[in-house]
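Q: Input structure: target-v9.cif, which contains mmCIF, C-alpha atoms and all ligand atoms.
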data_upload
#
loop_
_atom_site.label_atom_id
_atom_site.label_comp_id
_atom_site.auth_asym_id
_atom_site.auth_seq_id
_atom_site.Cartn_x
_atom_site.Cartn_y
_atom_site.Cartn_z
CA MET A 22 -33.63 -33.38 16.45
CA LYS A 23 -30.53 -33.98 14.41
CA LYS A 24 -31.60 -31.17 12.12
CA LEU A 25 -32.22 -28.88 15.08
CA ALA A 26 -28.82 -29.64 16.53
CA GLY A 27 -27.29 -28.82 13.17
CA LEU A 28 -29.16 -25.52 13.02
CA CYS A 29 -28.11 -24.62 16.52
CA CYS A 30 -24.45 -25.16 15.60
CA VAL A 31 -24.65 -23.17 12.41
CA ALA A 32 -26.23 -20.33 14.39
CA ALA A 33 -23.60 -20.62 17.10
CA ALA A 34 -20.83 -20.58 14.51
CA MET A 35 -22.33 -17.45 12.99
CA VAL A 36 -22.14 -15.76 16.37
CA ILE A 37 -18.71 -17.12 17.28
CA ALA A 38 -16.95 -16.35 13.98
CA PRO A 39 -17.15 -12.52 14.24
CA VAL A 40 -16.23 -12.69 17.93
CA VAL A 41 -13.10 -14.69 17.13
CA ALA A 42 -12.34 -12.46 14.14
CA ARG A 43 -12.52 -9.46 16.48
CA ALA A 44 -10.29 -11.17 19.04
CA GLN A 45 -7.86 -12.03 16.24
CA ALA A 46 -7.83 -8.37 15.12
CA THR A 47 -7.01 -7.10 18.61
CA LEU A 48 -4.06 -9.48 18.87
CA ALA A 49 -0.69 -7.81 18.51
CA ALA A 50 -1.96 -4.33 19.34
CA THR A 51 1.75 -3.62 19.75
CA PRO A 52 4.51 -5.54 17.93
CA PRO A 53 4.85 -9.10 19.32
CA MET A 54 7.80 -9.75 21.65
CA GLY A 55 9.36 -13.08 22.50
CA TRP A 56 11.86 -15.68 21.41
CA ASN A 57 12.21 -17.96 18.36
CA SER A 58 14.33 -21.09 18.11
CA TRP A 59 15.59 -20.85 14.54
CA ASN A 60 18.68 -18.66 14.13
CA HIS A 61 20.49 -20.09 17.15
CA TYR A 62 19.28 -23.69 17.45
CA HIS A 63 18.12 -24.55 13.92
CA SER A 64 17.19 -28.24 13.79
CA LYS A 65 18.69 -28.91 17.25
CA VAL A 66 15.73 -27.39 19.09
CA ASP A 67 13.99 -29.76 21.52
CA ASP A 68 11.59 -29.87 24.44
CA ALA A 69 14.29 -29.21 27.05
CA ILE A 70 15.64 -26.17 25.20
CA VAL A 71 12.17 -24.65 24.85
CA ARG A 72 11.50 -25.18 28.57
CA SER A 73 14.81 -23.64 29.52
CA MET A 74 14.14 -20.62 27.27
CA ALA A 75 10.78 -20.14 29.01
CA ASP A 76 12.55 -20.36 32.39
CA ALA A 77 15.18 -17.85 31.25
CA MET A 78 12.58 -15.46 29.89
CA VAL A 79 11.25 -15.26 33.44
CA SER A 80 14.55 -15.28 35.39
CA SER A 81 16.16 -12.67 33.11
CA GLY A 82 13.26 -10.28 33.76
CA MET A 83 12.34 -10.31 30.07
CA ARG A 84 8.78 -11.49 30.72
CA GLU A 85 8.09 -8.47 32.93
CA LEU A 86 9.32 -6.23 30.11
CA GLY A 87 6.83 -7.67 27.63
CA TYR A 88 8.63 -10.63 26.04
CA THR A 89 5.80 -13.14 25.85
CA TYR A 90 5.97 -15.62 22.97
CA VAL A 91 8.14 -18.73 23.08
CA ASN A 92 8.11 -19.87 19.47
CA ILE A 93 9.31 -23.17 18.07
CA ASP A 94 10.38 -22.79 14.45
CA ASP A 95 10.94 -25.49 11.83
CA THR A 96 11.97 -29.08 12.68
CA TRP A 97 9.47 -30.06 15.39
CA GLN A 98 7.58 -32.24 12.90
CA GLY A 99 7.64 -36.01 12.69
CA GLU A 100 5.31 -37.92 10.37
CA ARG A 101 1.70 -37.62 9.31
CA ASP A 102 -0.28 -40.77 10.05
CA ALA A 103 -3.05 -42.43 7.99
CA GLN A 104 -5.65 -40.21 9.70
CA GLY A 105 -3.72 -37.14 8.64
CA VAL A 106 -2.52 -36.35 12.15
CA LEU A 107 0.92 -34.77 12.10
CA HIS A 108 2.95 -36.11 15.01
CA PRO A 109 5.86 -34.18 16.49
CA ASN A 110 9.22 -35.93 16.25
CA ALA A 111 11.05 -37.62 19.12
CA ARG A 112 12.61 -34.35 20.31
CA PHE A 113 9.08 -33.21 21.26
CA PRO A 114 7.52 -36.12 23.14
CA ASP A 115 4.42 -34.23 24.32
CA MET A 116 3.62 -30.91 22.66
CA LYS A 117 0.54 -30.24 24.82
CA ALA A 118 2.59 -30.73 28.00
CA LEU A 119 5.24 -28.39 26.61
CA ALA A 120 2.64 -25.72 25.81
CA ASP A 121 1.18 -26.17 29.31
CA TYR A 122 4.64 -25.66 30.79
CA VAL A 123 5.19 -22.46 28.80
CA HIS A 124 1.73 -21.21 29.84
CA SER A 125 2.45 -22.06 33.49
CA LYS A 126 5.27 -19.52 33.31
CA GLY A 127 2.84 -16.80 32.25
CA LEU A 128 4.10 -16.99 28.66
CA LYS A 129 2.59 -17.87 25.30
CA PHE A 130 3.43 -20.67 22.92
CA GLY A 131 4.18 -20.48 19.19
CA ILE A 132 4.55 -23.03 16.42
CA TYR A 133 5.66 -23.10 12.78
CA SER A 134 4.34 -24.58 9.55
CA SER A 135 4.20 -24.02 5.81
CA PRO A 136 1.37 -23.70 3.28
CA GLY A 137 3.44 -26.13 1.18
CA ALA A 138 3.59 -29.89 1.42
CA LEU A 139 7.09 -29.44 2.82
CA THR A 140 8.70 -26.85 5.08
CA CYS A 141 12.09 -25.30 4.35
CA ASP A 142 13.74 -28.16 6.20
CA LYS A 143 11.77 -30.63 4.05
CA LEU A 144 9.43 -31.73 6.82
CA PRO A 145 5.65 -32.05 6.47
CA GLY A 146 3.87 -28.72 5.92
CA SER A 147 0.13 -28.05 6.18
CA TYR A 148 -0.81 -28.27 2.47
CA GLN A 149 -4.29 -29.81 2.30
CA PHE A 150 -4.26 -30.35 6.07
CA GLU A 151 -4.80 -26.74 7.08
CA GLU A 152 -8.00 -27.23 9.14
CA GLN A 153 -6.73 -30.38 10.80
CA ASP A 154 -3.41 -28.80 11.75
CA ALA A 155 -5.04 -25.60 13.04
CA LYS A 156 -7.39 -27.69 15.21
CA MET A 157 -4.43 -29.59 16.60
CA TYR A 158 -2.60 -26.34 17.38
CA ALA A 159 -5.70 -25.10 19.21
CA ALA A 160 -5.88 -28.36 21.18
CA TRP A 161 -2.24 -28.00 22.17
CA GLY A 162 -2.81 -24.37 23.24
CA VAL A 163 -0.85 -22.64 20.49
CA ASP A 164 -0.98 -18.82 20.61
CA TYR A 165 1.15 -17.92 17.56
CA VAL A 166 1.59 -19.51 14.13
CA LYS A 167 4.46 -18.67 11.78
CA TYR A 168 3.54 -19.78 8.27
CA ASP A 169 6.56 -20.06 5.99
CA LEU A 170 6.16 -20.20 2.20
CA CYS A 171 8.97 -22.65 1.31
CA GLY A 172 7.42 -25.82 -0.17
CA PHE A 173 4.44 -23.90 -1.50
CA ARG A 174 6.66 -22.66 -4.32
CA ALA A 175 5.99 -25.99 -6.06
CA VAL A 176 2.25 -25.22 -6.13
CA MET A 177 2.97 -21.69 -7.38
CA LYS A 178 5.14 -23.02 -10.17
CA ALA A 179 2.35 -25.33 -11.27
CA ALA A 180 -0.10 -22.40 -11.32
CA GLY A 181 1.21 -21.36 -14.75
CA SER A 182 1.44 -17.58 -14.75
CA PRO A 183 2.94 -15.11 -12.26
CA GLU A 184 -0.57 -13.76 -11.61
CA ALA A 185 -1.95 -17.22 -10.90
CA ALA A 186 1.07 -18.02 -8.70
CA HIS A 187 0.51 -14.84 -6.72
CA GLN A 188 -3.19 -15.60 -6.29
CA ALA A 189 -2.42 -19.15 -5.17
CA MET A 190 -0.08 -17.80 -2.50
CA VAL A 191 -2.55 -15.19 -1.26
CA ASP A 192 -5.29 -17.83 -1.14
CA ALA A 193 -3.04 -20.23 0.78
CA TYR A 194 -2.32 -17.60 3.44
CA ALA A 195 -6.01 -16.67 3.65
CA LYS A 196 -6.91 -20.36 3.95
CA MET A 197 -4.79 -20.91 7.05
CA HIS A 198 -6.15 -17.73 8.59
CA LYS A 199 -9.67 -19.05 8.07
CA ALA A 200 -8.67 -22.37 9.60
CA ILE A 201 -7.25 -20.57 12.64
CA LEU A 202 -10.41 -18.49 13.04
CA ALA A 203 -12.54 -21.62 12.81
CA THR A 204 -10.78 -23.13 15.83
CA GLY A 205 -12.11 -20.37 18.06
CA ARG A 206 -8.66 -19.88 19.61
CA PRO A 207 -6.99 -16.55 18.84
CA MET A 208 -3.48 -17.07 17.47
CA VAL A 209 -1.09 -14.40 16.26
CA TYR A 210 -0.66 -15.09 12.55
CA SER A 211 2.86 -14.49 11.28
CA LEU A 212 3.37 -14.55 7.51
CA CYS A 213 6.81 -15.56 6.28
CA GLN A 214 7.34 -15.33 2.54
CA TYR A 215 10.38 -13.04 2.59
CA GLY A 216 8.61 -9.84 1.46
CA ASN A 217 7.74 -11.23 -1.99
CA ASP A 218 5.00 -9.59 -4.06
CA ALA A 219 4.91 -6.51 -1.78
CA VAL A 220 3.35 -8.50 1.05
CA TRP A 221 2.84 -5.30 3.06
CA GLU A 222 0.08 -4.39 0.59
CA TRP A 223 -1.97 -7.55 1.16
CA GLY A 224 -0.64 -9.19 4.36
CA ALA A 225 -3.23 -7.61 6.64
CA GLY A 226 -5.99 -8.53 4.18
CA VAL A 227 -5.29 -12.25 4.64
CA GLY A 228 -5.30 -11.88 8.43
CA GLY A 229 -1.57 -11.40 9.00
CA ASN A 230 -0.68 -9.79 12.32
CA LEU A 231 2.86 -9.50 11.00
CA TRP A 232 4.63 -10.33 7.78
CA ARG A 233 8.29 -10.80 7.04
CA THR A 234 9.49 -8.04 4.73
CA THR A 235 12.83 -9.65 3.91
CA GLN A 236 14.98 -12.72 3.50
CA ASP A 237 16.43 -14.17 6.71
CA VAL A 238 18.53 -11.82 8.81
CA ARG A 239 21.99 -13.21 9.54
CA ASP A 240 24.22 -12.47 12.51
CA THR A 241 26.42 -9.96 10.68
CA TYR A 242 26.34 -6.17 10.58
CA ALA A 243 26.11 -6.24 6.77
CA SER A 244 22.97 -8.39 6.80
CA MET A 245 21.28 -6.56 9.68
CA GLU A 246 22.18 -3.14 8.22
CA THR A 247 20.89 -3.95 4.75
CA ILE A 248 17.62 -5.27 6.10
CA GLY A 249 17.07 -2.67 8.83
CA PHE A 250 17.89 0.50 6.90
CA GLY A 251 16.10 -0.95 3.88
CA GLN A 252 12.75 -0.79 5.68
CA SER A 253 12.32 2.91 4.95
CA GLY A 254 8.98 3.65 3.31
CA LEU A 255 7.08 0.64 4.64
CA GLY A 256 5.70 2.39 7.72
CA ARG A 257 2.41 3.39 6.16
CA PHE A 258 1.42 -0.26 5.79
CA ALA A 259 1.86 -1.11 9.49
CA GLY A 260 -0.10 -0.28 12.61
CA PRO A 261 -1.77 -1.89 15.63
CA GLY A 262 -2.57 -5.52 14.80
CA HIS A 263 -0.53 -5.65 11.57
CA TRP A 264 3.22 -5.12 11.53
CA ASN A 265 6.17 -5.24 9.16
CA ASP A 266 8.60 -7.92 10.34
CA PRO A 267 12.28 -7.42 9.40
CA ASP A 268 13.07 -10.76 11.14
CA LEU A 269 14.70 -11.78 14.42
CA LEU A 270 16.98 -9.94 16.85
CA GLU A 271 20.44 -11.47 16.53
CA ILE A 272 21.56 -9.91 19.84
CA GLY A 273 23.63 -12.42 21.80
CA ASN A 274 24.52 -14.75 18.94
CA GLY A 275 28.09 -13.51 18.75
CA GLY A 276 28.52 -12.26 15.19
CA MET A 277 28.24 -8.53 15.96
CA ASN A 278 29.78 -6.29 18.60
CA THR A 279 27.81 -4.51 21.30
CA GLU A 280 27.41 -1.29 19.28
CA GLU A 281 26.18 -3.21 16.24
CA TYR A 282 23.64 -5.07 18.37
CA ARG A 283 22.67 -1.70 19.90
CA THR A 284 22.02 -0.51 16.37
CA GLN A 285 19.74 -3.48 15.74
CA MET A 286 17.76 -3.01 18.97
CA THR A 287 17.39 0.71 18.28
CA LEU A 288 16.52 0.42 14.61
CA TRP A 289 13.99 -2.38 15.22
CA SER A 290 12.38 -0.22 17.95
CA MET A 291 12.23 2.78 15.61
CA LEU A 292 10.58 0.48 13.05
CA ALA A 293 7.93 -0.82 15.46
CA ALA A 294 9.31 -4.24 14.55
CA PRO A 295 8.52 -7.41 16.47
CA LEU A 296 11.19 -7.88 19.15
CA ILE A 297 11.79 -11.61 18.87
CA ALA A 298 15.13 -12.70 20.30
CA THR A 299 16.79 -15.82 18.90
CA ASN A 300 19.78 -16.30 21.18
CA ASP A 301 20.41 -18.58 24.15
CA LEU A 302 18.52 -16.63 26.81
CA SER A 303 19.96 -18.79 29.57
CA ASP A 304 23.53 -17.67 28.85
CA MET A 305 23.68 -13.94 28.09
CA THR A 306 26.54 -11.52 28.71
CA PRO A 307 25.53 -8.54 30.86
CA ALA A 308 25.99 -6.30 27.79
CA ASN A 309 23.63 -8.32 25.59
CA LYS A 310 21.10 -8.68 28.39
CA ALA A 311 21.20 -4.90 28.89
CA LEU A 312 20.46 -4.37 25.20
CA LEU A 313 17.45 -6.70 25.23
CA THR A 314 16.07 -5.37 28.51
CA ASN A 315 16.32 -1.58 28.33
CA LYS A 316 12.78 -0.66 29.28
CA ASP A 317 12.91 2.85 27.79
CA VAL A 318 14.00 1.47 24.42
CA ILE A 319 11.34 -1.26 24.56
CA ALA A 320 8.79 1.50 25.28
CA ILE A 321 9.71 3.11 21.96
CA ASP A 322 9.09 -0.17 20.14
CA GLN A 323 5.84 -0.77 22.02
CA ASP A 324 4.55 2.79 21.79
CA PRO A 325 0.73 2.51 21.68
CA LEU A 326 0.40 4.95 18.79
CA GLY A 327 1.87 2.16 16.64
CA LYS A 328 3.40 4.49 14.07
CA GLU A 329 6.54 3.18 12.42
CA GLY A 330 9.51 5.56 12.17
CA ASP A 331 11.48 6.54 9.08
CA ARG A 332 14.64 8.26 7.89
CA VAL A 333 14.48 12.07 7.93
CA TYR A 334 18.09 13.16 7.35
CA THR A 335 21.32 11.74 5.96
CA GLU A 336 24.90 12.99 5.99
CA GLY A 337 27.12 10.32 4.47
CA PRO A 338 27.14 7.46 6.96
CA VAL A 339 25.09 9.45 9.48
CA GLU A 340 21.34 8.92 9.40
CA VAL A 341 18.65 10.48 11.56
CA TRP A 342 15.41 8.54 11.97
CA GLU A 343 12.27 9.86 13.59
CA ARG A 344 9.30 8.06 15.12
CA PRO A 345 6.17 9.84 16.42
CA LEU A 346 5.06 8.64 19.86
CA VAL A 347 1.94 9.10 21.99
CA ASN A 348 1.23 12.50 23.55
CA GLY A 349 3.27 14.42 21.03
CA ALA A 350 6.63 12.93 22.03
CA THR A 351 9.15 11.83 19.41
CA ALA A 352 11.90 9.24 19.24
CA VAL A 353 14.96 10.39 17.31
CA ALA A 354 17.81 8.00 16.51
CA ILE A 355 21.13 9.26 15.18
CA PHE A 356 22.96 6.35 13.55
CA ASN A 357 26.58 6.13 12.47
CA ARG A 358 26.90 3.48 9.75
CA HIS A 359 30.65 4.07 9.50
CA PRO A 360 32.80 1.46 11.30
CA LEU A 361 34.88 4.16 13.05
CA PRO A 362 33.74 6.75 15.61
CA LEU A 363 32.76 10.21 14.42
CA LYS A 364 31.50 13.48 15.82
CA ALA A 365 28.40 14.57 13.97
CA ALA A 366 27.09 18.13 14.16
CA ILE A 367 23.36 17.80 13.66
CA ASP A 368 20.89 20.65 13.78
CA LEU A 369 17.86 18.94 15.27
CA SER A 370 16.05 22.27 15.52
CA LYS A 371 15.96 22.34 11.71
CA LEU A 372 14.14 19.00 11.91
CA GLY A 373 11.58 20.62 14.22
CA PHE A 374 12.89 19.63 17.64
CA GLY A 375 14.44 22.86 18.89
CA ASN A 376 14.09 23.91 22.49
CA ARG A 377 12.69 20.64 23.74
CA LYS A 378 13.66 18.41 26.63
CA ALA A 379 15.08 15.04 25.76
CA ARG A 380 16.42 11.87 27.31
CA ASP A 381 19.32 9.88 25.91
CA LEU A 382 17.84 6.41 26.40
CA TRP A 383 20.99 4.30 26.18
CA ALA A 384 23.07 6.69 28.33
CA GLY A 385 20.17 7.30 30.73
CA THR A 386 20.84 11.03 30.87
CA ASP A 387 18.71 14.14 30.31
CA LEU A 388 19.57 16.88 27.85
CA LYS A 389 18.01 19.77 26.01
CA VAL A 390 17.73 19.95 22.26
CA GLU A 391 19.18 23.34 21.47
CA LYS A 392 18.87 25.59 18.47
CA GLY A 393 21.71 25.15 16.01
CA PRO A 394 24.04 22.22 15.44
CA MET A 395 24.65 19.88 18.38
CA LYS A 396 27.69 17.63 18.58
CA PHE A 397 26.98 13.92 18.91
CA ASN A 398 29.86 11.58 19.70
CA LEU A 399 28.96 8.46 17.81
CA LEU A 400 30.89 5.21 18.14
CA GLY A 401 31.48 3.12 15.02
CA HIS A 402 28.37 1.28 13.80
CA SER A 403 26.48 2.78 16.72
CA VAL A 404 23.62 5.08 17.58
CA VAL A 405 22.31 7.67 20.01
CA LEU A 406 18.62 7.31 20.79
CA LEU A 407 16.67 10.28 22.14
CA ARG A 408 13.14 10.51 23.47
CA ILE A 409 12.15 14.11 22.91
CA SER A 410 9.21 15.40 24.89
CA LYS A 411 6.38 17.44 23.37
C1 LIG B 501 13.13 -19.92 6.35
C2 LIG B 501 12.62 -18.80 7.23
C3 LIG B 501 13.37 -18.83 8.53
C4 LIG B 501 13.18 -20.18 9.18
C5 LIG B 501 13.58 -21.30 8.23
C6 LIG B 501 13.21 -22.67 8.81
O1 LIG B 501 12.42 -19.92 5.17
O2 LIG B 501 12.77 -17.57 6.57
O3 LIG B 501 12.95 -17.78 9.37
O4 LIG B 501 11.84 -20.30 9.58
O5 LIG B 501 12.93 -21.17 7.00
O6 LIG B 501 13.48 -23.70 7.94
#
Mind turning this structure into structure tokens?

A:
Amino acid sequence: MKKLAGLCCVAAAMVIAPVVARAQATLAATPPMGWNSWNHYHSKVDDAIVRSMADAMVSSGMRELGYTYVNIDDTWQGERDAQGVLHPNARFPDMKALADYVHSKGLKFGIYSSPGALTCDKLPGSYQFEEQDAKMYAAWGVDYVKYDLCGFRAVMKAAGSPEAAHQAMVDAYAKMHKAILATGRPMVYSLCQYGNDAVWEWGAGVGGNLWRTTQDVRDTYASMETIGFGQSGLGRFAGPGHWNDPDLLEIGNGGMNTEEYRTQMTLWSMLAAPLIATNDLSDMTPANKALLTNKDVIAIDQDPLGKEGDRVYTEGPVEVWERPLVNGATAVAIFNRHPLPLKAAIDLSKLGFGNRKARDLWAGTDLKVEKGPMKFNLLGHSVVLLRISK
């Protein structure tokens, strides 16, 4: 009988595993959208903040526009007990209840860990507890796991050679993916190892639905600009279910002006990047809220074709980026990286867009792309975003 029961479960697991693997692969058909606690709250994040961000995601209208994931980053962890159970710290008295609350708002719930023994904030990571932690996440109702390299560097160092270190890292990411699959609960799997070792070449192979391509974005134009414009050339590695992740949207955190934040929202949408806000959603200026909630711009990011855009033209600080969209439409963004305004004369017909109808998505106006140079009035550090029809 015991033997039979065992056989039944092995057979069931054989059926379930591919089903879950399929479900996992259809996750993140478009780039994930949501909120993450780190860049604004750091180690101050707690249960009340997460609840209020879920509330604000609904009351701001963001949920209806596709923002879904409410993700707790580092510093939720307390201590691991003798049975290996990792308990949340006192700021998170009941993680299951918190996940239930987020779900009750029609949203999804994300958590953070590391393949190392320690996270970046020196709290317990999942090293050698991968299956146990994944099972606990499933029991809580976790829908999204960010897995941050940090403490795993110690294991890599001990591996001896760069090749062995690389293999150890790849294996560690694959291991957590396997542990997630084994729970039977689909969870978006977010790799965070700062773009090391050309992660875009192997991230999807270890089950990543997205992978950070860079170091942390900071709330300055210089940081955002370097990261965002530096993504050129990575598009061929991304697509439905597996995305490049140039890190969080700093919109609303105060370090950039409206035009600079407009540049981030536009560039991230051209890049088919995850749109994960990291500001206080309960206290947004109308300007910042408008940037995060422009449905036409979000539609560029979420375009079902899932093709990432790239740079097609430069003229000093002026850059034109193009992104193919469904049904033969095209998004064209004309950026001004200079801090002062300038009038750029761009011949979009030479780029193949002559004689086509277009909409200026930030201005909300219609125009026609003419033959010959067109004048674009560009504010400093700003952008004009066009959706050009077929
Ligand atoms: C960094 C990571 C950040 C954040 C932080 C938490 O390594 O890139 O996004 O997760 O750790 O400690």

Q: My list of candidates is A:Gly349, A:Pro109, A:Gly216, A:Pro207. Which is closest to ligand LIG 501 (chain B) when distances are computed with all atoms listed in the file?

A: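 Between A:Gly349, A:Pro109, A:Gly216, A:Pro207, the residue approaching ligand LIG 501 (chain B) most closely is A:Gly216.
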
Q: Which distance in Å separates atom CA of A:Thr47 and atom CA of A:Arg206, to one decimal?

A: 12.9 Å

Q: If I take atom CA of A:Lys129 and atom CA of A:Val163, how far is one from the other in Å, to one decimal?

A: 7.6 Å

Q: Write out as a tab-separated table a residue-level contact list of chain A versus ligand LIG 501 (chain B) with cut-off 9 Å: for each qualifying residue the closest pair of atoms and the distance in Å to one decimal, counting only C-alpha atoms and all ligand atoms, rows sorted by chain and residue number upward.

A:
residue	atom	partner	partner_atom	distance
A:Ser58	CA	B:LIG501	O4	8.9
A:Trp59	CA	B:LIG501	C4	5.9
A:Asn60	CA	B:LIG501	O3	7.5
A:His63	CA	B:LIG501	C6	7.3
A:Ser64	CA	B:LIG501	O6	8.3
A:Asp94	CA	B:LIG501	O4	5.7
A:Asp95	CA	B:LIG501	C6	4.7
A:Thr96	CA	B:LIG501	O6	7.3
A:Tyr133	CA	B:LIG501	O4	7.5
A:Ser134	CA	B:LIG501	O4	8.6
A:Thr140	CA	B:LIG501	O6	6.4
A:Cys141	CA	B:LIG501	O6	4.2
A:Asp142	CA	B:LIG501	O6	4.8
A:Lys143	CA	B:LIG501	O6	8.1
A:Lys167	CA	B:LIG501	O4	7.9
A:Tyr168	CA	B:LIG501	O4	8.4
A:Asp169	CA	B:LIG501	O1	5.9
A:Leu170	CA	B:LIG501	O1	6.9
A:Cys171	CA	B:LIG501	O1	5.9
A:Cys213	CA	B:LIG501	O2	6.3
A:Gln214	CA	B:LIG501	O2	7.1
A:Tyr215	CA	B:LIG501	O2	6.5
A:Arg233	CA	B:LIG501	O2	8.1
A:Thr235	CA	B:LIG501	O2	8.4
A:Gln236	CA	B:LIG501	O2	6.2
A:Asp237	CA	B:LIG501	O2	5.0
A:Val238	CA	B:LIG501	O3	8.2
A:Asp268	CA	B:LIG501	O3	7.2
A:Leu269	CA	B:LIG501	O3	8.0

Q: Out of A:Pro295, A:Gly385, A:Gly327, A:Gly276, which residue has the shortest atom-to-atom distance to A:Thr234 when counting only C-alpha atoms?

A: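 Residue with the minimum atom-to-atom distance to A:Thr234: A:Pro295.
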
Q: Using all atoms listed in the file, pick whichever of A:Tyr165, A:Trp383, A:Phe150, A:Phe374 has the shortest atom-to-atom distance to A:Ile409.

A: A:Phe374

Q: Could you pull the residues within 6 Å of A:Gly55, counting all atoms listed in the file, minus those fewer than 2 positions along the same chain, as a count of residues only?

A: 5

Q: Just checking: using all atoms listed in the file, which residue out of A:Ser125, A:Val347, A:His402, A:Gly393 ends up closest to A:Thr241?

A: A:His402

Q: Determine the nearest neighbour of A:Leu119 from the options A:Ala294, A:Met74, A:Val209, A:Met83, counting all atoms listed in the file.

A: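 The answer is A:Met74, which sits nearest to A:Leu119.
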
Q: Can you pull out every residue within 10 Å of A:Glu281, counting all atoms listed in the file, but drop anything in the same chain fewer than 3 positions away, and send it as a list of chain:residue names?

A: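 Listing them by chain and then by number gives A:Thr241, A:Tyr242, A:Ala243, A:Met245, A:Glu246, A:Ile272, A:Gly276, A:Met277, A:Asn278, A:Thr284, A:Gln285, A:Met286, A:Thr287, A:Arg358, A:Pro360, A:Leu400, A:Gly401, A:His402, A:Ser403, A:Val404.
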
Q: Neighbourhood query: residues within 12 Å of (-0.1, -33.7, 13.8), file coordinates, counting only C-alpha atoms; return as an mmCIF file with C-alpha atoms, keeping the file's coordinate frame.

A:
data_model
loop_
_atom_site.group_PDB
_atom_site.id
_atom_site.type_symbol
_atom_site.label_atom_id
_atom_site.label_comp_id
_atom_site.auth_asym_id
_atom_site.auth_seq_id
_atom_site.Cartn_x
_atom_site.Cartn_y
_atom_site.Cartn_z
ATOM 1 C CA TRP A 97 9.470 -30.060 15.390
ATOM 2 C CA GLN A 98 7.580 -32.240 12.900
ATOM 3 C CA GLY A 99 7.640 -36.010 12.690
ATOM 4 C CA GLU A 100 5.310 -37.920 10.370
ATOM 5 C CA ARG A 101 1.700 -37.620 9.310
ATOM 6 C CA ASP A 102 -0.280 -40.770 10.050
ATOM 7 C CA ALA A 103 -3.050 -42.430 7.990
ATOM 8 C CA GLN A 104 -5.650 -40.210 9.700
ATOM 9 C CA GLY A 105 -3.720 -37.140 8.640
ATOM 10 C CA VAL A 106 -2.520 -36.350 12.150
ATOM 11 C CA LEU A 107 0.920 -34.770 12.100
ATOM 12 C CA HIS A 108 2.950 -36.110 15.010
ATOM 13 C CA PRO A 109 5.860 -34.180 16.490
ATOM 14 C CA ASN A 110 9.220 -35.930 16.250
ATOM 15 C CA PHE A 113 9.080 -33.210 21.260
ATOM 16 C CA ASP A 115 4.420 -34.230 24.320
ATOM 17 C CA MET A 116 3.620 -30.910 22.660
ATOM 18 C CA LYS A 117 0.540 -30.240 24.820
ATOM 19 C CA ILE A 132 4.550 -23.030 16.420
ATOM 20 C CA SER A 134 4.340 -24.580 9.550
ATOM 21 C CA LEU A 144 9.430 -31.730 6.820
ATOM 22 C CA PRO A 145 5.650 -32.050 6.470
ATOM 23 C CA GLY A 146 3.870 -28.720 5.920
ATOM 24 C CA SER A 147 0.130 -28.050 6.180
ATOM 25 C CA PHE A 150 -4.260 -30.350 6.070
ATOM 26 C CA GLU A 151 -4.800 -26.740 7.080
ATOM 27 C CA GLU A 152 -8.000 -27.230 9.140
ATOM 28 C CA GLN A 153 -6.730 -30.380 10.800
ATOM 29 C CA ASP A 154 -3.410 -28.800 11.750
ATOM 30 C CA ALA A 155 -5.040 -25.600 13.040
ATOM 31 C CA LYS A 156 -7.390 -27.690 15.210
ATOM 32 C CA MET A 157 -4.430 -29.590 16.600
ATOM 33 C CA TYR A 158 -2.600 -26.340 17.380
ATOM 34 C CA ALA A 159 -5.700 -25.100 19.210
ATOM 35 C CA ALA A 160 -5.880 -28.360 21.180
ATOM 36 C CA TRP A 161 -2.240 -28.000 22.170
#
